[in-house]
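Student: Could you have a look at this structure, given as structure tokens, before my questions?
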Amino acid sequence: MIVRLRHLEMTLQGLAGFPRPRPELEQYPTPAPLAARLLFLARSQGDLVGRTVLDLGAGTGVLGCGAALLGAARVTGVEIDPGALTVARENAARLGIEVEWTEADVSEFPPPIRDEVFDTVVMNPPFGAQVRHADRPFIDAALAHGRIVYGVFNEGTLPFLAGYIGERGECTDAFVATIVLPRTMRHHTRDRVEIPVECVRIRSLVA
Ligand code: SAH
């Protein structure tokens, strides 16, 4: 088990990323410093150690692997892209950790996880930049399947998020951060893109 923030950050930094990022799926890995910060917040709130964790849109497994490294009892990762899942499997194997990877759309959970309620959901969903409202099925699935949800969202999303969640949950914590992305996709016009984000902890009232 990892106990220091810096150690987790360095470990996640070493993971393999998307081989060919798919713009329509908004495949951006969560940068290691942000992933580590989010996961340490989750741990400090008692939401990771010994907990069951669901990683929605797991991608190459950064958040799910990090949760396992910090002492989650069991981690399940759901991802629609089989290519990303292959990388996630390799990342977990290299770290010597157990994660159940499931290929599925977050809006269509297959058995046996369809009926399971997880202690904690972690996710860095599409921001809806390519497909409008692509983040909504993630928010819906997270509230339905997890008691506590940690999500990374576009800056300025909080008011929308609170309205969209409505009576289904309440935001209990939030912090802002900046994601610096190297140019990975052809539609990027600059070498580096800085994206301000909001990380939010939500307590589900419907799971
Ligand atoms: N969680 C990873 C990846 C974030 S990128 C990380 O933190 O690094 C968002 C991921 O969501 C991509 O891997 C993309 O393929 C996946 N995704 C997008 N739409 C999806 C859907 N409807 N169902 C499941 N996964 C989806």
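Lettering and numbering for the structure tokens are positional, with chains as A, B, ... in the shown order, residues counted from 1 in each chain, and ligands counted from 1 in the shown order.
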For the structure I just gave you, how does DSSP split chain A - specifically, which residues are strand (DSSP E)? Reply as a ChimeraX atom specification.

Tutor: /A:52-56,74-79,100-103,118-123,146-154,169-182,192-204

Student: Selection from above, C-alpha atoms, as a compact mmCIF listing (two decimals), in the first residue's frame, can you write it?

Tutor:
```txt
# COMPACT_ATOMS: atom_id res chain seq x y z
CA THR A 52 -15.36 -0.82 -2.84
CA VAL A 53 -14.51 1.57 -5.67
CA LEU A 54 -15.99 2.03 -9.14
CA ASP A 55 -13.92 3.84 -11.79
CA LEU A 56 -16.29 5.13 -14.50
CA ARG A 74 -11.96 -3.91 -4.42
CA VAL A 75 -11.84 -1.83 -7.59
CA THR A 76 -14.03 -2.17 -10.69
CA GLY A 77 -13.27 -0.19 -13.84
CA VAL A 78 -15.88 0.39 -16.56
CA GLU A 79 -14.69 1.58 -19.96
CA GLU A 100 -11.91 -5.95 -12.36
CA TRP A 101 -12.04 -4.30 -15.77
CA THR A 102 -15.39 -4.33 -17.55
CA GLU A 103 -16.01 -3.26 -21.13
CA PHE A 118 -20.22 0.85 -4.51
CA ASP A 119 -18.89 2.85 -1.58
CA THR A 120 -17.02 5.27 -3.82
CA VAL A 121 -17.06 6.28 -7.49
CA VAL A 122 -14.06 8.01 -9.09
CA MET A 123 -14.33 9.50 -12.56
CA GLY A 146 -22.02 4.95 -5.67
CA ARG A 147 -22.64 6.36 -2.20
CA ILE A 148 -19.84 8.92 -2.61
CA VAL A 149 -18.68 10.30 -5.97
CA TYR A 150 -15.43 12.05 -6.86
CA GLY A 151 -15.49 13.70 -10.27
CA VAL A 152 -13.32 16.01 -12.37
CA PHE A 153 -15.31 18.60 -14.31
CA ASN A 154 -14.79 21.63 -16.49
CA GLY A 169 -27.17 14.23 -4.18
CA GLU A 170 -25.25 17.01 -2.49
CA CYS A 171 -21.79 18.44 -3.16
CA THR A 172 -19.75 18.30 0.03
CA ASP A 173 -16.25 19.38 -1.10
CA ALA A 174 -14.62 20.94 -4.14
CA PHE A 175 -11.22 22.20 -5.23
CA VAL A 176 -9.94 23.79 -8.42
CA ALA A 177 -6.90 22.65 -10.37
CA THR A 178 -5.34 23.06 -13.79
CA ILE A 179 -4.74 20.24 -16.22
CA VAL A 180 -1.86 20.87 -18.58
CA LEU A 181 -2.19 18.73 -21.69
CA PRO A 182 0.50 18.17 -24.23
CA ARG A 192 0.09 22.87 -24.75
CA VAL A 193 -3.42 23.35 -23.54
CA GLU A 194 -4.23 24.44 -20.01
CA ILE A 195 -7.64 23.40 -18.80
CA PRO A 196 -8.96 24.73 -15.49
CA VAL A 197 -11.00 22.06 -13.75
CA GLU A 198 -13.14 21.60 -10.66
CA CYS A 199 -12.90 18.44 -8.60
CA VAL A 200 -16.00 17.67 -6.65
CA ARG A 201 -17.07 15.25 -3.90
CA ILE A 202 -20.75 14.41 -4.02
CA ARG A 203 -22.81 12.39 -1.57
CA SER A 204 -25.45 10.41 -3.41
```

Student: Could you list, as a ChimeraX atom specification, all residues that come within 8 Å of ligand 1? Count only C-alpha atoms and all ligand atoms.

Tutor: /A:22,24-31,35,55-64,78-81,84,103-107,122-126,134,137-138

Student: Need to verify the contact set: Leu12 (chain A), 9 Å, only C-alpha atoms, exclusion of same-chain residues closer than 2 positions in sequence. Can you return it as a CSV table (one decimal) with N, CA, C and O atoms, in the first residue's frame?

Tutor:
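Listing of result.csv after writing:
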```csv
chain,number,residue,atom,x,y,z
A,7,HIS,N,4.8,9.6,-3.7
A,7,HIS,CA,5.1,8.2,-4.1
A,7,HIS,C,3.9,7.8,-5.1
A,7,HIS,O,4.2,7.3,-6.2
A,8,LEU,N,2.7,8.1,-4.7
A,8,LEU,CA,1.6,7.8,-5.6
A,8,LEU,C,1.7,8.5,-6.9
A,8,LEU,O,1.5,8.0,-8.0
A,9,GLU,N,2.0,9.8,-6.8
A,9,GLU,CA,2.2,10.6,-8.0
A,9,GLU,C,3.2,10.0,-9.0
A,9,GLU,O,3.0,9.9,-10.2
A,10,MET,N,4.3,9.7,-8.4
A,10,MET,CA,5.4,9.1,-9.3
A,10,MET,C,5.0,7.8,-9.9
A,10,MET,O,5.3,7.5,-11.1
A,14,GLY,N,4.2,6.9,-14.1
A,14,GLY,CA,4.9,5.9,-14.9
A,14,GLY,C,4.0,5.0,-15.7
A,14,GLY,O,4.4,4.1,-16.4
A,15,LEU,N,2.6,5.2,-15.5
A,15,LEU,CA,1.7,4.3,-16.2
A,15,LEU,C,1.6,4.6,-17.7
A,15,LEU,O,1.9,5.7,-18.1
A,16,ALA,N,1.3,3.6,-18.5
A,16,ALA,CA,1.2,3.8,-20.0
A,16,ALA,C,-0.1,4.6,-20.2
A,16,ALA,O,-1.1,4.4,-19.6
A,31,PRO,N,-3.9,13.8,-15.3
A,31,PRO,CA,-2.5,13.9,-15.0
A,31,PRO,C,-2.2,13.4,-13.6
A,31,PRO,O,-3.0,13.6,-12.7
A,32,ALA,N,-1.0,12.7,-13.4
A,32,ALA,CA,-0.7,12.1,-12.2
A,32,ALA,C,-0.8,13.0,-11.0
A,32,ALA,O,-1.4,12.6,-9.9
A,33,PRO,N,-0.4,14.3,-11.0
A,33,PRO,CA,-0.5,15.1,-9.8
A,33,PRO,C,-2.0,15.3,-9.4
A,33,PRO,O,-2.3,15.3,-8.2
A,35,ALA,N,-4.6,13.3,-10.2
A,35,ALA,CA,-5.1,12.0,-9.8
A,35,ALA,C,-4.7,11.8,-8.4
A,35,ALA,O,-5.6,11.4,-7.5
A,36,ALA,N,-3.5,12.0,-8.0
A,36,ALA,CA,-3.0,11.7,-6.7
A,36,ALA,C,-3.7,12.6,-5.7
A,36,ALA,O,-4.1,12.2,-4.6
A,62,VAL,N,-5.8,5.1,-14.6
A,62,VAL,CA,-5.1,5.9,-13.6
A,62,VAL,C,-5.8,6.0,-12.3
A,62,VAL,O,-5.2,5.7,-11.2
A,63,LEU,N,-7.1,6.3,-12.3
A,63,LEU,CA,-7.8,6.5,-11.0
A,63,LEU,C,-8.1,5.2,-10.3
A,63,LEU,O,-7.9,5.1,-9.1
A,65,CYS,N,-6.4,2.3,-10.6
A,65,CYS,CA,-5.1,1.7,-10.1
A,65,CYS,C,-4.7,2.5,-8.9
A,65,CYS,O,-4.2,1.9,-7.9
A,66,GLY,N,-4.8,3.8,-8.9
A,66,GLY,CA,-4.4,4.7,-7.8
A,66,GLY,C,-5.2,4.3,-6.5
A,66,GLY,O,-4.7,4.2,-5.4
```

Student: Using the chain letters and numbers from this document, which residues of chain A does DSSP assign to helix (DSSP H, G or I), as a ChimeraX atom specification?

Tutor: /A:5-13,23-25,32-44,62-69,82-95,113-115,136-145,158-168

Student: Could you check how far CA of Asp47 (chain A) sits from CA of Leu143 (chain A), in Å to one decimal?

Tutor: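 Here the two named atoms are 15.1 Å from each other.
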
Student: Out of A:Val99, A:Leu34, A:His133, A:Met1, which residue has the shortest atom-to-atom distance to Gly71 (chain A) when counting only C-alpha atoms?

Tutor: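 Ranked by minimum distance to Gly71 (chain A), first place goes to A:Met1.
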
Student: Between A:Tyr164, A:Phe40, A:Phe18, A:Phe109, which has the minimum distance to Arg6 (chain A) (counting only C-alpha atoms)?

Tutor: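 For Arg6 (chain A), the nearest of the candidates is A:Phe40.
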